$ cat coords-v3.cif   # mmCIF, N, CA and C atoms
data_structure
#
loop_
_atom_site.label_atom_id
_atom_site.label_comp_id
_atom_site.auth_asym_id
_atom_site.auth_seq_id
_atom_site.Cartn_x
_atom_site.Cartn_y
_atom_site.Cartn_z
N MET R 771 -50.56 44.06 -34.53
CA MET R 771 -51.68 43.25 -34.94
C MET R 771 -52.98 43.98 -34.67
N THR R 772 -53.93 43.76 -35.53
CA THR R 772 -55.23 44.38 -35.32
C THR R 772 -56.15 43.41 -34.60
N ASN R 773 -57.22 43.93 -34.07
CA ASN R 773 -58.20 43.09 -33.38
C ASN R 773 -58.96 42.22 -34.36
N GLN R 774 -58.82 42.47 -35.66
CA GLN R 774 -59.53 41.71 -36.67
C GLN R 774 -58.86 40.37 -36.96
N ASN R 775 -57.65 40.18 -36.47
CA ASN R 775 -56.96 38.90 -36.68
C ASN R 775 -57.68 37.78 -35.94
N THR R 776 -57.73 36.63 -36.56
CA THR R 776 -58.32 35.48 -35.89
C THR R 776 -57.31 34.91 -34.90
N LEU R 777 -57.80 34.06 -34.02
CA LEU R 777 -56.91 33.41 -33.06
C LEU R 777 -55.84 32.61 -33.80
N ARG R 778 -56.22 31.97 -34.90
CA ARG R 778 -55.26 31.21 -35.69
C ARG R 778 -54.18 32.13 -36.26
N ASP R 779 -54.58 33.28 -36.78
CA ASP R 779 -53.62 34.25 -37.31
C ASP R 779 -52.64 34.69 -36.23
N ARG R 780 -53.17 34.94 -35.04
CA ARG R 780 -52.31 35.36 -33.94
C ARG R 780 -51.34 34.25 -33.55
N ALA R 781 -51.84 33.02 -33.51
CA ALA R 781 -50.99 31.89 -33.17
C ALA R 781 -49.88 31.71 -34.20
N LEU R 782 -50.22 31.85 -35.47
CA LEU R 782 -49.20 31.73 -36.53
C LEU R 782 -48.17 32.84 -36.44
N ALA R 783 -48.62 34.05 -36.15
CA ALA R 783 -47.68 35.17 -36.01
C ALA R 783 -46.74 34.94 -34.83
N PHE R 784 -47.29 34.44 -33.71
CA PHE R 784 -46.46 34.16 -32.54
C PHE R 784 -45.48 33.04 -32.84
N ARG R 785 -45.94 32.03 -33.53
CA ARG R 785 -45.06 30.91 -33.90
C ARG R 785 -43.91 31.38 -34.79
N ALA R 786 -44.20 32.33 -35.67
CA ALA R 786 -43.17 32.84 -36.59
C ALA R 786 -42.05 33.57 -35.84
N LEU R 787 -42.32 34.00 -34.61
CA LEU R 787 -41.29 34.68 -33.81
C LEU R 787 -40.25 33.69 -33.26
N HIS R 788 -40.57 32.41 -33.30
CA HIS R 788 -39.66 31.37 -32.80
C HIS R 788 -38.72 30.95 -33.92
N VAL R 789 -37.52 31.50 -33.88
CA VAL R 789 -36.53 31.26 -34.93
C VAL R 789 -35.31 30.58 -34.30
N PRO R 790 -34.91 29.42 -34.81
CA PRO R 790 -33.72 28.76 -34.26
C PRO R 790 -32.51 29.69 -34.28
N GLY R 791 -31.80 29.72 -33.16
CA GLY R 791 -30.60 30.55 -33.06
C GLY R 791 -30.88 32.00 -32.69
N ARG R 792 -32.15 32.39 -32.61
CA ARG R 792 -32.50 33.77 -32.24
C ARG R 792 -33.55 33.70 -31.11
N PRO R 793 -33.11 33.80 -29.87
CA PRO R 793 -34.05 33.64 -28.76
C PRO R 793 -35.19 34.65 -28.80
N LEU R 794 -36.37 34.18 -28.45
CA LEU R 794 -37.52 35.05 -28.34
C LEU R 794 -37.56 35.56 -26.91
N VAL R 795 -37.40 36.85 -26.75
CA VAL R 795 -37.42 37.47 -25.43
C VAL R 795 -38.85 37.94 -25.16
N LEU R 796 -39.40 37.48 -24.05
CA LEU R 796 -40.77 37.83 -23.69
C LEU R 796 -40.78 38.61 -22.38
N PRO R 797 -40.77 39.94 -22.47
CA PRO R 797 -40.87 40.73 -21.24
C PRO R 797 -42.25 40.53 -20.61
N ASN R 798 -42.29 40.50 -19.30
CA ASN R 798 -43.55 40.31 -18.57
C ASN R 798 -44.20 41.65 -18.25
N ALA R 799 -45.49 41.71 -18.45
CA ALA R 799 -46.29 42.87 -18.06
C ALA R 799 -47.28 42.43 -17.00
N TRP R 800 -47.64 43.34 -16.12
CA TRP R 800 -48.58 43.00 -15.04
C TRP R 800 -49.85 43.81 -15.13
N ASP R 801 -49.91 44.77 -16.04
CA ASP R 801 -51.13 45.53 -16.25
C ASP R 801 -51.08 46.17 -17.63
N ALA R 802 -52.15 46.86 -18.00
CA ALA R 802 -52.22 47.45 -19.34
C ALA R 802 -51.13 48.49 -19.56
N ALA R 803 -50.83 49.28 -18.54
CA ALA R 803 -49.80 50.32 -18.68
C ALA R 803 -48.42 49.71 -18.92
N SER R 804 -48.07 48.68 -18.16
CA SER R 804 -46.76 48.06 -18.36
C SER R 804 -46.70 47.34 -19.71
N ALA R 805 -47.81 46.77 -20.15
CA ALA R 805 -47.84 46.13 -21.47
C ALA R 805 -47.61 47.16 -22.57
N ARG R 806 -48.21 48.33 -22.43
CA ARG R 806 -48.02 49.40 -23.42
C ARG R 806 -46.57 49.87 -23.44
N ILE R 807 -45.96 49.99 -22.27
CA ILE R 807 -44.55 50.40 -22.19
C ILE R 807 -43.66 49.37 -22.89
N VAL R 808 -43.92 48.09 -22.64
CA VAL R 808 -43.15 47.02 -23.27
C VAL R 808 -43.35 47.06 -24.78
N GLU R 809 -44.58 47.23 -25.22
CA GLU R 809 -44.87 47.31 -26.65
C GLU R 809 -44.17 48.52 -27.27
N ASP R 810 -44.28 49.68 -26.63
CA ASP R 810 -43.65 50.90 -27.15
C ASP R 810 -42.13 50.79 -27.21
N ALA R 811 -41.56 49.94 -26.35
CA ALA R 811 -40.11 49.73 -26.34
C ALA R 811 -39.67 48.82 -27.48
N GLY R 812 -40.65 48.25 -28.22
CA GLY R 812 -40.30 47.47 -29.39
C GLY R 812 -40.37 45.96 -29.24
N ALA R 813 -40.94 45.47 -28.16
CA ALA R 813 -41.04 44.02 -27.97
C ALA R 813 -41.89 43.39 -29.06
N SER R 814 -41.46 42.24 -29.53
CA SER R 814 -42.22 41.50 -30.54
C SER R 814 -43.47 40.87 -29.96
N ALA R 815 -43.41 40.53 -28.69
CA ALA R 815 -44.53 39.91 -27.99
C ALA R 815 -44.41 40.27 -26.52
N VAL R 816 -45.50 40.17 -25.80
CA VAL R 816 -45.53 40.49 -24.38
C VAL R 816 -46.09 39.30 -23.62
N ALA R 817 -45.41 38.90 -22.57
CA ALA R 817 -45.89 37.82 -21.71
C ALA R 817 -46.60 38.43 -20.50
N THR R 818 -47.28 37.58 -19.77
CA THR R 818 -47.87 38.01 -18.51
C THR R 818 -47.31 37.16 -17.40
N THR R 819 -47.36 37.69 -16.23
CA THR R 819 -46.95 36.97 -15.04
C THR R 819 -48.14 36.89 -14.11
N SER R 820 -48.53 35.70 -13.73
CA SER R 820 -49.71 35.56 -12.87
C SER R 820 -49.48 36.25 -11.52
N ALA R 821 -48.29 36.09 -10.97
CA ALA R 821 -48.00 36.72 -9.69
C ALA R 821 -48.01 38.24 -9.81
N GLY R 822 -47.38 38.76 -10.84
CA GLY R 822 -47.34 40.20 -11.03
C GLY R 822 -48.72 40.80 -11.21
N LEU R 823 -49.56 40.13 -11.97
CA LEU R 823 -50.92 40.61 -12.18
C LEU R 823 -51.70 40.57 -10.87
N ALA R 824 -51.60 39.45 -10.18
CA ALA R 824 -52.30 39.34 -8.89
C ALA R 824 -51.84 40.41 -7.92
N TRP R 825 -50.54 40.57 -7.77
CA TRP R 825 -50.00 41.56 -6.84
C TRP R 825 -50.40 42.97 -7.23
N ALA R 826 -50.40 43.27 -8.53
CA ALA R 826 -50.80 44.60 -8.99
C ALA R 826 -52.25 44.90 -8.62
N LEU R 827 -53.06 43.85 -8.48
CA LEU R 827 -54.46 44.01 -8.10
C LEU R 827 -54.69 43.80 -6.60
N GLY R 828 -53.60 43.68 -5.85
CA GLY R 828 -53.69 43.57 -4.40
C GLY R 828 -54.13 42.21 -3.89
N VAL R 829 -53.88 41.17 -4.69
CA VAL R 829 -54.28 39.81 -4.33
C VAL R 829 -53.03 38.94 -4.28
N PRO R 830 -52.91 38.04 -3.31
CA PRO R 830 -51.75 37.15 -3.30
C PRO R 830 -51.80 36.16 -4.47
N ASP R 831 -50.64 35.72 -4.90
CA ASP R 831 -50.56 34.74 -5.98
C ASP R 831 -51.03 33.38 -5.47
N GLY R 832 -51.38 32.49 -6.38
CA GLY R 832 -51.78 31.14 -5.98
C GLY R 832 -53.27 30.93 -6.08
N ASP R 833 -53.84 31.19 -7.23
CA ASP R 833 -55.27 30.98 -7.47
C ASP R 833 -56.17 31.83 -6.58
N GLN R 834 -55.71 32.99 -6.18
CA GLN R 834 -56.52 33.88 -5.35
C GLN R 834 -57.25 34.93 -6.20
N LEU R 835 -56.81 35.12 -7.44
CA LEU R 835 -57.41 36.11 -8.33
C LEU R 835 -58.50 35.42 -9.15
N ASP R 836 -59.73 35.94 -9.08
CA ASP R 836 -60.80 35.28 -9.82
C ASP R 836 -60.69 35.57 -11.32
N ARG R 837 -61.26 34.71 -12.11
CA ARG R 837 -61.14 34.74 -13.57
C ARG R 837 -61.61 36.07 -14.16
N GLU R 838 -62.76 36.54 -13.72
CA GLU R 838 -63.33 37.77 -14.28
C GLU R 838 -62.40 38.96 -14.06
N ARG R 839 -61.86 39.07 -12.89
CA ARG R 839 -60.95 40.18 -12.58
C ARG R 839 -59.66 40.08 -13.38
N ALA R 840 -59.15 38.87 -13.55
CA ALA R 840 -57.93 38.68 -14.34
C ALA R 840 -58.17 39.05 -15.79
N LEU R 841 -59.29 38.62 -16.36
CA LEU R 841 -59.58 38.94 -17.75
C LEU R 841 -59.82 40.43 -17.96
N GLU R 842 -60.45 41.06 -16.98
CA GLU R 842 -60.68 42.50 -17.07
C GLU R 842 -59.36 43.26 -17.11
N ALA R 843 -58.40 42.80 -16.30
CA ALA R 843 -57.09 43.46 -16.26
C ALA R 843 -56.36 43.26 -17.58
#
$ encode --input "coords-v3.cif" --output "structure tokens"
Amino acid sequence: MTNQNTLRDRALAFRALHVPGRPLVLPNAWDAASARIVEDAGASAVATTSAGLAWALGVPDGDQLDRERALEA
């Protein structure tokens, strides 16, 4: 997907991945590098894990990571 897609376009594309009888596998990434690895491995979509992201940034899970830092990551 390109950055030119609207949020609606992205939502529709994600929805199209949900096919009855064919599970959607969402590998979790915790930073940009792991997301790129997952993408390069052929994943249709990439999920995030709040704990993994927090831990990768040296912060405990449980609302300890501030919004700005999470979005930057």
$ select_by_dssp --input "coords-v3.cif" --residues "chain R" --states "strand (DSSP E)" --output "number ranges by chain"
R: 798-799, 817-818
$ atom_distance --input "coords-v3.cif" --atom1 "atom C of Leu823 of chain R" --atom2 "atom CA of Leu794 of chain R"
23.2 Å
$ residues_around --input "coords-v3.cif" --residues "Val808 of chain R" --least-positions-apart "5" --cutoff "8 Å" --atoms "all atoms listed in the file" --output "CSV table (one decimal) with N, CA and C atoms, in the coordinates of the input"
chain,number,residue,atom,x,y,z
R,797,PRO,N,-40.8,39.9,-22.5
R,797,PRO,CA,-40.9,40.7,-21.2
R,797,PRO,C,-42.2,40.5,-20.6
R,798,ASN,N,-42.3,40.5,-19.3
R,798,ASN,CA,-43.6,40.3,-18.6
R,798,ASN,C,-44.2,41.6,-18.2
R,799,ALA,N,-45.5,41.7,-18.4
R,799,ALA,CA,-46.3,42.9,-18.1
R,799,ALA,C,-47.3,42.4,-17.0
R,802,ALA,N,-52.2,46.9,-18.0
R,802,ALA,CA,-52.2,47.4,-19.3
R,802,ALA,C,-51.1,48.5,-19.6
R,803,ALA,N,-50.8,49.3,-18.5
R,803,ALA,CA,-49.8,50.3,-18.7
R,803,ALA,C,-48.4,49.7,-18.9
R,813,ALA,N,-40.9,45.5,-28.2
R,813,ALA,CA,-41.0,44.0,-28.0
R,813,ALA,C,-41.9,43.4,-29.1
R,814,SER,N,-41.5,42.2,-29.5
R,814,SER,CA,-42.2,41.5,-30.5
R,814,SER,C,-43.5,40.9,-30.0
R,815,ALA,N,-43.4,40.5,-28.7
R,815,ALA,CA,-44.5,39.9,-28.0
R,815,ALA,C,-44.4,40.3,-26.5
R,816,VAL,N,-45.5,40.2,-25.8
R,816,VAL,CA,-45.5,40.5,-24.4
R,816,VAL,C,-46.1,39.3,-23.6
$ atom_distance --input "coords-v3.cif" --atom1 "atom CA of Val829 of chain R" --atom2 "atom CA of Gly812 of chain R"
29.7 Å
$ resolve_selection --input "coords-v3.cif" --expression "the PyMOL selection byres ((chain R and resi 800) around 8)" --output "list in words"
Pro797, Asn798, Ala799, Asp801, Ala802, Ala803, Ser804, Ala805, Ala817, Thr818, Thr819, Ser820, Ala821, Gly822, Leu823, Ala824, Trp825, Ala826, Leu827 and Ala843 of chain R
$ residues_around --input "coords-v3.cif" --residues "Ala781 of chain R" --least-positions-apart "6" --cutoff "12 Å" --atoms "only C-alpha atoms" --output "mmCIF file with N, CA and C atoms, keeping the file's coordinate frame"
data_model
loop_
_atom_site.group_PDB
_atom_site.id
_atom_site.type_symbol
_atom_site.label_atom_id
_atom_site.label_comp_id
_atom_site.auth_asym_id
_atom_site.auth_seq_id
_atom_site.Cartn_x
_atom_site.Cartn_y
_atom_site.Cartn_z
ATOM 1 N N MET R 771 -50.560 44.060 -34.530
ATOM 2 C CA MET R 771 -51.680 43.250 -34.940
ATOM 3 C C MET R 771 -52.980 43.980 -34.670
ATOM 4 N N ASN R 775 -57.650 40.180 -36.470
ATOM 5 C CA ASN R 775 -56.960 38.900 -36.680
ATOM 6 C C ASN R 775 -57.680 37.780 -35.940
ATOM 7 N N LEU R 787 -42.320 34.000 -34.610
ATOM 8 C CA LEU R 787 -41.290 34.680 -33.810
ATOM 9 C C LEU R 787 -40.250 33.690 -33.260
ATOM 10 N N HIS R 788 -40.570 32.410 -33.300
ATOM 11 C CA HIS R 788 -39.660 31.370 -32.800
ATOM 12 C C HIS R 788 -38.720 30.950 -33.920
ATOM 13 N N ALA R 815 -43.410 40.530 -28.690
ATOM 14 C CA ALA R 815 -44.530 39.910 -27.990
ATOM 15 C C ALA R 815 -44.410 40.270 -26.520
#
$ select_by_dssp --input "coords-v3.cif" --residues "segment 774-842 of chain R" --states "alpha helix (DSSP H)" --output "ChimeraX atom specification"
/R:777-786,802-810,820-826,837-842
$ axis_aligned_box --input "coords-v3.cif" --around "segment 785-788 of chain R" --padding-each-side "8 Å" --output "JSON"
{"center_x": -42.3, "center_y": 32.8, "center_z": -34.7, "size_x": 23.2, "size_y": 19.8, "size_z": 19.8}
$ decode --input "coords-v3.cif" --residues "segment 776-796 of chain R" --atoms "N, CA and C atoms" --output "PDB file, in the first residue's frame"
ATOM      1  N   THR R 776      -6.235   6.485   1.470  1.00  0.00           N
ATOM      2  CA  THR R 776      -6.973   7.086   2.571  1.00  0.00           C
ATOM      3  C   THR R 776      -7.162   6.048   3.672  1.00  0.00           C
ATOM      4  N   LEU R 777      -7.544   6.516   4.840  1.00  0.00           N
ATOM      5  CA  LEU R 777      -7.819   5.600   5.943  1.00  0.00           C
ATOM      6  C   LEU R 777      -8.925   4.628   5.554  1.00  0.00           C
ATOM      7  N   ARG R 778      -9.922   5.108   4.826  1.00  0.00           N
ATOM      8  CA  ARG R 778     -11.012   4.242   4.375  1.00  0.00           C
ATOM      9  C   ARG R 778     -10.483   3.163   3.431  1.00  0.00           C
ATOM     10  N   ASP R 779      -9.613   3.538   2.509  1.00  0.00           N
ATOM     11  CA  ASP R 779      -9.016   2.563   1.591  1.00  0.00           C
ATOM     12  C   ASP R 779      -8.251   1.489   2.352  1.00  0.00           C
ATOM     13  N   ARG R 780      -7.501   1.925   3.356  1.00  0.00           N
ATOM     14  CA  ARG R 780      -6.739   0.971   4.159  1.00  0.00           C
ATOM     15  C   ARG R 780      -7.660   0.037   4.930  1.00  0.00           C
ATOM     16  N   ALA R 781      -8.727   0.600   5.486  1.00  0.00           N
ATOM     17  CA  ALA R 781      -9.691  -0.216   6.228  1.00  0.00           C
ATOM     18  C   ALA R 781     -10.348  -1.244   5.314  1.00  0.00           C
ATOM     19  N   LEU R 782     -10.710  -0.825   4.110  1.00  0.00           N
ATOM     20  CA  LEU R 782     -11.329  -1.759   3.157  1.00  0.00           C
ATOM     21  C   LEU R 782     -10.359  -2.854   2.738  1.00  0.00           C
ATOM     22  N   ALA R 783      -9.105  -2.490   2.531  1.00  0.00           N
ATOM     23  CA  ALA R 783      -8.093  -3.488   2.159  1.00  0.00           C
ATOM     24  C   ALA R 783      -7.895  -4.490   3.295  1.00  0.00           C
ATOM     25  N   PHE R 784      -7.856  -3.993   4.536  1.00  0.00           N
ATOM     26  CA  PHE R 784      -7.704  -4.882   5.690  1.00  0.00           C
ATOM     27  C   PHE R 784      -8.914  -5.787   5.832  1.00  0.00           C
ATOM     28  N   ARG R 785     -10.084  -5.231   5.636  1.00  0.00           N
ATOM     29  CA  ARG R 785     -11.323  -6.022   5.715  1.00  0.00           C
ATOM     30  C   ARG R 785     -11.336  -7.129   4.665  1.00  0.00           C
ATOM     31  N   ALA R 786     -10.809  -6.835   3.486  1.00  0.00           N
ATOM     32  CA  ALA R 786     -10.787  -7.821   2.401  1.00  0.00           C
ATOM     33  C   ALA R 786      -9.904  -9.023   2.741  1.00  0.00           C
ATOM     34  N   LEU R 787      -8.993  -8.867   3.700  1.00  0.00           N
ATOM     35  CA  LEU R 787      -8.134  -9.983   4.109  1.00  0.00           C
ATOM     36  C   LEU R 787      -8.886 -10.997   4.970  1.00  0.00           C
ATOM     37  N   HIS R 788     -10.048 -10.617   5.477  1.00  0.00           N
ATOM     38  CA  HIS R 788     -10.857 -11.497   6.320  1.00  0.00           C
ATOM     39  C   HIS R 788     -11.768 -12.341   5.431  1.00  0.00           C
ATOM     40  N   VAL R 789     -11.337 -13.568   5.188  1.00  0.00           N
ATOM     41  CA  VAL R 789     -12.055 -14.471   4.296  1.00  0.00           C
ATOM     42  C   VAL R 789     -12.508 -15.693   5.094  1.00  0.00           C
ATOM     43  N   PRO R 790     -13.803 -15.995   5.089  1.00  0.00           N
ATOM     44  CA  PRO R 790     -14.277 -17.182   5.810  1.00  0.00           C
ATOM     45  C   PRO R 790     -13.522 -18.435   5.364  1.00  0.00           C
ATOM     46  N   GLY R 791     -13.093 -19.222   6.341  1.00  0.00           N
ATOM     47  CA  GLY R 791     -12.386 -20.463   6.044  1.00  0.00           C
ATOM     48  C   GLY R 791     -10.897 -20.286   5.804  1.00  0.00           C
ATOM     49  N   ARG R 792     -10.413 -19.046   5.767  1.00  0.00           N
ATOM     50  CA  ARG R 792      -8.983 -18.795   5.565  1.00  0.00           C
ATOM     51  C   ARG R 792      -8.514 -17.817   6.659  1.00  0.00           C
ATOM     52  N   PRO R 793      -7.952 -18.347   7.733  1.00  0.00           N
ATOM     53  CA  PRO R 793      -7.575 -17.483   8.852  1.00  0.00           C
ATOM     54  C   PRO R 793      -6.592 -16.390   8.446  1.00  0.00           C
ATOM     55  N   LEU R 794      -6.790 -15.220   9.006  1.00  0.00           N
ATOM     56  CA  LEU R 794      -5.861 -14.122   8.800  1.00  0.00           C
ATOM     57  C   LEU R 794      -4.811 -14.204   9.897  1.00  0.00           C
ATOM     58  N   VAL R 795      -3.586 -14.441   9.510  1.00  0.00           N
ATOM     59  CA  VAL R 795      -2.488 -14.544  10.464  1.00  0.00           C
ATOM     60  C   VAL R 795      -1.841 -13.165  10.575  1.00  0.00           C
ATOM     61  N   LEU R 796      -1.776 -12.660  11.795  1.00  0.00           N
ATOM     62  CA  LEU R 796      -1.202 -11.337  12.036  1.00  0.00           C
ATOM     63  C   LEU R 796       0.041 -11.456  12.910  1.00  0.00           C
TER      64      LEU R 796
END
